[in-house]
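Enquirer: Data: target35.cif, mmCIF, C-alpha atoms.
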```cif
data_upload
#
loop_
_atom_site.label_atom_id
_atom_site.label_comp_id
_atom_site.auth_asym_id
_atom_site.auth_seq_id
_atom_site.Cartn_x
_atom_site.Cartn_y
_atom_site.Cartn_z
CA MET Q 820 0.00 0.00 0.00
CA ARG Q 821 1.50 3.29 -1.08
CA LYS Q 822 1.85 5.92 1.59
CA VAL Q 823 1.16 9.53 0.70
CA LEU Q 824 2.93 12.16 2.72
CA VAL Q 825 0.47 14.85 3.77
CA SER Q 826 1.73 18.39 3.30
CA CYS Q 827 1.76 20.84 6.18
CA VAL Q 828 1.83 23.96 4.00
CA ALA Q 829 -1.37 25.19 5.65
CA ALA Q 830 0.22 24.82 9.08
CA ALA Q 831 3.27 26.78 7.97
CA ALA Q 832 1.08 29.56 6.63
CA LEU Q 833 -0.83 29.77 9.88
CA VAL Q 834 2.32 29.66 12.01
CA SER Q 835 3.85 32.54 10.08
CA GLY Q 836 1.09 34.85 11.29
CA CYS Q 837 1.48 33.99 14.97
CA ALA Q 838 2.50 36.39 17.69
CA THR Q 839 5.11 35.61 20.30
CA GLY Q 840 4.64 35.48 24.05
CA THR Q 841 2.01 33.14 25.47
CA ASP Q 842 1.28 31.36 22.18
CA ALA Q 843 1.36 27.59 22.08
CA VAL Q 844 4.64 26.04 21.05
CA ALA Q 845 5.59 22.82 19.38
CA THR Q 846 9.09 21.65 18.49
CA GLY Q 847 10.99 18.48 17.66
CA GLY Q 848 9.62 14.97 17.26
CA THR Q 849 10.09 12.09 14.82
CA PHE Q 850 6.47 11.52 13.75
CA ASP Q 851 5.56 12.11 10.10
CA PHE Q 852 1.89 11.68 9.30
CA VAL Q 853 1.03 9.45 6.37
CA SER Q 854 -2.44 8.40 5.26
CA PRO Q 855 -2.55 5.21 3.17
CA GLY Q 856 -5.10 5.82 0.43
CA GLY Q 857 -6.62 8.82 2.21
CA GLN Q 858 -7.93 6.77 5.15
CA THR Q 859 -9.56 8.53 8.11
CA GLU Q 860 -8.43 5.89 10.66
CA ILE Q 861 -4.71 5.17 10.72
CA TYR Q 862 -2.91 2.81 13.11
CA TYR Q 863 0.84 2.73 13.70
CA ASP Q 864 2.19 -0.67 14.72
CA PRO Q 865 4.35 -2.27 15.97
CA PRO Q 866 5.01 0.17 18.83
CA SER Q 867 8.77 0.14 18.21
CA GLU Q 868 8.19 1.78 14.82
CA ARG Q 869 5.97 4.61 16.07
CA GLY Q 870 7.16 8.20 15.82
CA THR Q 871 7.18 10.61 18.74
CA LEU Q 872 5.62 14.04 18.88
CA GLY Q 873 7.70 17.07 19.62
CA GLU Q 874 7.33 19.36 22.59
CA LEU Q 875 3.72 20.47 22.76
CA SER Q 876 2.54 23.12 25.21
CA GLY Q 877 0.52 26.29 25.48
CA PRO Q 878 -1.80 28.40 27.59
CA ASP Q 879 -4.47 26.44 29.44
CA LEU Q 880 -7.92 27.31 28.08
CA MET Q 881 -9.65 27.45 31.45
CA ASP Q 882 -6.88 28.44 33.89
CA GLU Q 883 -5.43 31.88 33.14
CA GLY Q 884 -1.67 32.07 33.58
CA LYS Q 885 -1.20 28.29 33.53
CA THR Q 886 0.76 26.50 30.82
CA THR Q 887 -0.39 23.00 29.91
CA SER Q 888 2.04 20.62 28.23
CA LEU Q 889 2.05 17.08 26.89
CA SER Q 890 5.10 16.50 29.11
CA ASP Q 891 2.84 17.00 32.16
CA TYR Q 892 1.57 13.48 31.51
CA GLU Q 893 4.81 11.51 31.40
CA GLY Q 894 4.25 7.75 31.54
CA LYS Q 895 0.56 8.03 30.62
CA ALA Q 896 -1.21 7.16 27.41
CA VAL Q 897 -2.63 10.45 26.10
CA VAL Q 898 -5.52 11.18 23.77
CA LEU Q 899 -5.14 14.49 21.95
CA ASN Q 900 -8.27 16.04 20.45
CA VAL Q 901 -8.10 19.03 18.10
CA TRP Q 902 -11.40 20.91 18.39
CA GLY Q 903 -13.20 24.23 18.04
CA GLN Q 904 -16.50 25.43 19.48
CA TRP Q 905 -17.51 26.49 15.93
CA CYS Q 906 -17.18 22.88 14.70
CA GLY Q 907 -20.41 20.84 14.48
CA PRO Q 908 -18.72 17.42 14.65
CA CYS Q 909 -16.75 18.63 17.71
CA ARG Q 910 -20.05 19.35 19.45
CA GLY Q 911 -21.31 15.95 18.36
CA GLU Q 912 -18.38 14.00 19.81
CA ALA Q 913 -17.78 16.01 23.00
CA ASP Q 914 -19.89 13.75 25.24
CA ASP Q 915 -18.37 10.60 23.70
CA LEU Q 916 -14.82 11.83 24.34
CA GLU Q 917 -15.71 12.75 27.91
CA GLU Q 918 -17.23 9.29 28.40
CA VAL Q 919 -14.07 7.55 27.14
CA PHE Q 920 -11.95 9.78 29.38
CA GLU Q 921 -14.04 8.88 32.43
CA ASN Q 922 -13.97 5.19 31.50
CA THR Q 923 -10.19 5.01 30.98
CA LYS Q 924 -8.55 7.49 33.35
CA ASP Q 925 -8.15 4.76 35.98
CA LEU Q 926 -6.08 2.87 33.38
CA GLY Q 927 -3.56 5.73 33.37
CA VAL Q 928 -5.03 7.59 30.39
CA GLN Q 929 -5.10 11.38 30.08
CA PHE Q 930 -7.03 13.42 27.52
CA LEU Q 931 -5.75 16.77 26.29
CA GLY Q 932 -7.70 19.05 23.99
CA ILE Q 933 -6.19 21.55 21.56
CA ASN Q 934 -8.67 24.36 20.94
CA VAL Q 935 -8.08 25.96 17.52
CA ARG Q 936 -9.45 28.86 15.47
CA ASP Q 937 -11.44 30.24 18.43
CA ASN Q 938 -10.39 33.87 18.71
CA ALA Q 939 -12.98 34.49 21.45
CA GLN Q 940 -11.64 32.49 24.40
CA ASP Q 941 -14.86 32.93 26.39
CA LYS Q 942 -16.85 31.07 23.69
CA ALA Q 943 -14.42 28.15 23.85
CA GLN Q 944 -14.69 28.18 27.65
CA ASP Q 945 -18.50 28.15 27.39
CA PHE Q 946 -18.22 25.08 25.14
CA VAL Q 947 -16.20 23.26 27.81
CA ILE Q 948 -18.65 24.20 30.57
CA ASP Q 949 -21.80 23.47 28.54
CA ASN Q 950 -20.49 20.06 27.43
CA LYS Q 951 -19.18 19.17 30.92
CA VAL Q 952 -15.67 18.48 29.58
CA THR Q 953 -13.40 17.76 32.56
CA TYR Q 954 -10.02 17.28 30.86
CA PRO Q 955 -7.77 20.26 30.02
CA SER Q 956 -7.27 21.99 26.69
CA ILE Q 957 -4.49 24.13 25.28
CA TYR Q 958 -5.85 27.40 23.89
CA ASP Q 959 -4.28 27.80 20.44
CA PRO Q 960 -6.31 29.97 18.03
CA PRO Q 961 -3.48 30.19 15.42
CA MET Q 962 -2.89 26.40 15.53
CA ARG Q 963 0.84 26.57 16.34
CA THR Q 964 0.71 23.30 18.30
CA LEU Q 965 -0.20 21.39 15.14
CA ALA Q 966 3.38 21.79 13.94
CA ALA Q 967 4.31 19.10 16.51
CA LEU Q 968 1.81 16.71 14.96
CA GLY Q 969 4.04 15.78 12.04
CA GLY Q 970 1.90 16.98 9.13
CA ILE Q 971 -1.60 16.19 10.43
CA PRO Q 972 -3.83 18.17 8.04
CA THR Q 973 -4.90 21.43 9.67
CA SER Q 974 -8.11 21.46 7.66
CA VAL Q 975 -9.46 18.39 9.49
CA VAL Q 976 -11.18 19.36 12.72
CA PRO Q 977 -11.91 17.36 14.77
CA THR Q 978 -8.79 15.20 14.76
CA THR Q 979 -8.05 12.72 17.55
CA ILE Q 980 -4.60 11.22 18.14
CA VAL Q 981 -3.93 8.35 20.55
CA LEU Q 982 -0.44 8.35 22.06
CA ASP Q 983 1.10 5.45 23.90
CA LYS Q 984 2.82 5.75 27.29
CA GLU Q 985 6.00 6.97 25.61
CA HIS Q 986 3.97 9.57 23.69
CA ARG Q 987 4.47 7.83 20.38
CA VAL Q 988 1.61 8.03 17.89
CA ALA Q 989 -0.44 4.81 17.97
CA ALA Q 990 -3.57 5.93 16.10
CA VAL Q 991 -4.99 8.95 14.27
CA PHE Q 992 -8.68 9.59 13.60
CA LEU Q 993 -9.57 12.29 11.07
CA ARG Q 994 -13.30 12.29 11.80
CA GLU Q 995 -15.97 12.59 14.48
CA LEU Q 996 -15.83 9.70 16.97
CA LEU Q 997 -18.29 7.74 19.05
CA THR Q 998 -17.44 6.07 22.35
CA GLU Q 999 -17.41 2.65 20.69
CA ASP Q 1000 -14.94 3.86 18.05
CA LEU Q 1001 -12.39 5.25 20.47
CA GLN Q 1002 -12.59 3.33 23.73
CA PRO Q 1003 -11.29 -0.06 22.47
CA VAL Q 1004 -8.28 1.64 20.87
CA VAL Q 1005 -7.50 3.65 24.01
CA GLU Q 1006 -7.83 0.57 26.22
CA ARG Q 1007 -5.52 -1.45 23.94
CA VAL Q 1008 -2.86 1.26 23.85
CA ALA Q 1009 -3.09 1.87 27.62
CA GLY Q 1010 -2.58 -1.86 28.19
CA GLU Q 1011 0.65 -2.03 26.19
CA GLU Q 1012 3.87 -2.60 28.09
CA SER Q 1013 6.22 0.36 27.93
CA ASP Q 1014 9.57 -0.30 26.21
CA SER Q 1015 11.29 1.05 29.32
CA GLN Q 1016 9.70 -1.57 31.58
#
```
As structure tokens, please, write out the structure in this file.
Expert:
Amino acid sequence: MRKVLVSCVAAAALVSGCATGTDAVATGGTFDFVSPGGQTEIYYDPPSERGTLGELSGPDLMDEGKTTSLSDYEGKAVVLNVWGQWCGPCRGEADDLEEVFENTKDLGVQFLGINVRDNAQDKAQDFVIDNKVTYPSIYDPPMRTLAALGGIPTSVVPTTIVLDKEHRVAAVFLRELLTEDLQPVVERVAGEESDSQ
């Protein structure tokens, strides 16, 4: 199966317009996104061949003055969800993501949202409150954090990425998810033995 490298020209264009200061940052990493035949569900196995994300951090959406980083969750499987309050499918999947988070956090799983293209922070905060989302999100209107995601297409929101305990990319979903789509994958990845064990 031929692999097609997805361009991140859109990400570069968005990053070029970013301000400095409290913006989200993303650097480094070995993960390069490829989508065989344009699939919307991509799995990366075996674990030893998975790429890592770079440093990913930014201002916490709900807690002013706090920086939230992927590195805060060392040793945990992490589910990243790229979302926006303006996005219909994001509204549709919010309760499913929260359900999977609640069902798997005792397995050592952490969820981390990346809020994009929401220039009005209060509207994004209202989304979190209204949908009873209990996991944190990085507030990143200009989408700078997506540079760490190795070419994930910036035009696809929502996007959900499942990272293993070493923060290597195990699965990518480029579509709205239901609980039954995501939970088995998260449980499988959370149950993997870490290479360092």
Enquirer: Rounded to one decimal, what separation in Å do you get between CA of Gly927 (chain Q) and CA of Ile957 (chain Q)?
Expert: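 Going from CA of Gly927 (chain Q) over to CA of Ile957 (chain Q) covers 20.1 Å.
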Enquirer: Please expand the PyMOL selection byres ((chain Q and resi 858-864) around 7) into the concrete residues it hits in this file, giving the result as a PDB file with C-alpha atoms, keeping the file's coordinate frame.
Expert:
```
ATOM      1  CA  SER Q 854      -2.440   8.400   5.260  1.00  0.00           C
ATOM      2  CA  PRO Q 855      -2.550   5.210   3.170  1.00  0.00           C
ATOM      3  CA  GLY Q 856      -5.100   5.820   0.430  1.00  0.00           C
ATOM      4  CA  GLY Q 857      -6.620   8.820   2.210  1.00  0.00           C
ATOM      5  CA  PRO Q 865       4.350  -2.270  15.970  1.00  0.00           C
ATOM      6  CA  PRO Q 866       5.010   0.170  18.830  1.00  0.00           C
ATOM      7  CA  GLU Q 868       8.190   1.780  14.820  1.00  0.00           C
ATOM      8  CA  ARG Q 869       5.970   4.610  16.070  1.00  0.00           C
ATOM      9  CA  VAL Q 988       1.610   8.030  17.890  1.00  0.00           C
ATOM     10  CA  ALA Q 989      -0.440   4.810  17.970  1.00  0.00           C
ATOM     11  CA  ALA Q 990      -3.570   5.930  16.100  1.00  0.00           C
ATOM     12  CA  VAL Q 991      -4.990   8.950  14.270  1.00  0.00           C
ATOM     13  CA  PHE Q 992      -8.680   9.590  13.600  1.00  0.00           C
ATOM     14  CA  LEU Q 993      -9.570  12.290  11.070  1.00  0.00           C
ATOM     15  CA  ARG Q 994     -13.300  12.290  11.800  1.00  0.00           C
TER      16      ARG Q 994
END
```
Enquirer: Using all atoms listed in the file, which of the listed residues (Q:Arg936, Q:Ala896, Q:Pro961, Q:Arg1007) sits closest to Ile980 (chain Q)?
Expert: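 Comparing Q:Arg936, Q:Ala896, Q:Pro961, Q:Arg1007 against Ile980 (chain Q), the winner is Q:Ala896.
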Enquirer: Name all residues at most 9 Å from Ser1013 (chain Q) (count all atoms listed in the file; drop same-chain ones fewer than 3 positions away) and give them as number ranges by chain.
Expert: Q: 894, 983-985, 1016
Enquirer: Do you know which residues the PyMOL selection byres ((chain Q and resi 878-882) around 9) returns on this file, as a VMD selection string?
Expert: chain Q and resid 841 to 843 876 to 877 883 to 888 933 to 934 940 943 to 944 947 955 to 959
Enquirer: Give me the residues within 6 Å of region 848-852 of chain Q as a PyMOL selection string, counting only C-alpha atoms and dropping any in the same chain fewer than 5 places off.
Expert: chain Q and resi 870-873+969-971
Enquirer: Residues within 7 Å of region 898-915 of chain Q, please, as a ChimeraX atom specification. Count all atoms listed in the file; anything in the same chain fewer than 5 positions from it doesn't count.
Expert: /Q:929-937,943,946,950,976-982,995-998
Enquirer: Between CA of Leu1001 (chain Q) and CA of Leu968 (chain Q), measure the distance and give it in Å to one decimal.
Expert: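 CA of Leu968 (chain Q) lies at a distance of 19.1 Å from CA of Leu1001 (chain Q).
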Enquirer: Between CA of Val1004 (chain Q) and CA of Thr973 (chain Q), what is the distance in Å, rounded to a tenth?
Expert: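 Answer for the CA of Val1004 (chain Q) to CA of Thr973 (chain Q) separation: 23.0 Å.
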Enquirer: Any idea what's packed within 9 Å of region 923-925 of chain Q, counting only C-alpha atoms, ignoring anything in its chain fewer than 3 positions away? Could you give it as JSON, numbers by chain?
Expert: {"Q": [918, 919, 920, 928, 929, 930, 1002, 1005, 1006, 1009]}
Enquirer: Hey, which of Q:Val975, Q:Leu889, Q:Val897, Q:Ala966 ends up closest to Val1008 (chain Q)? Count all atoms listed in the file.
Expert: Q:Val897
Enquirer: Given all atoms listed in the file as the basis, pick out the residue of Q:Thr964, Q:Asn938, Q:Lys895, Q:Asn922 nearest to Glu1012 (chain Q).
Expert: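 Answer, going by the shortest atom-to-atom distance: Q:Lys895.
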Enquirer: Ranking Q:Asp1000, Q:Glu921, Q:Glu893, Q:Asp941 by minimum distance to Arg987 (chain Q) and counting all atoms listed in the file, which one comes first?
Expert: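 Comparing Q:Asp1000, Q:Glu921, Q:Glu893, Q:Asp941 against Arg987 (chain Q), the winner is Q:Glu893.
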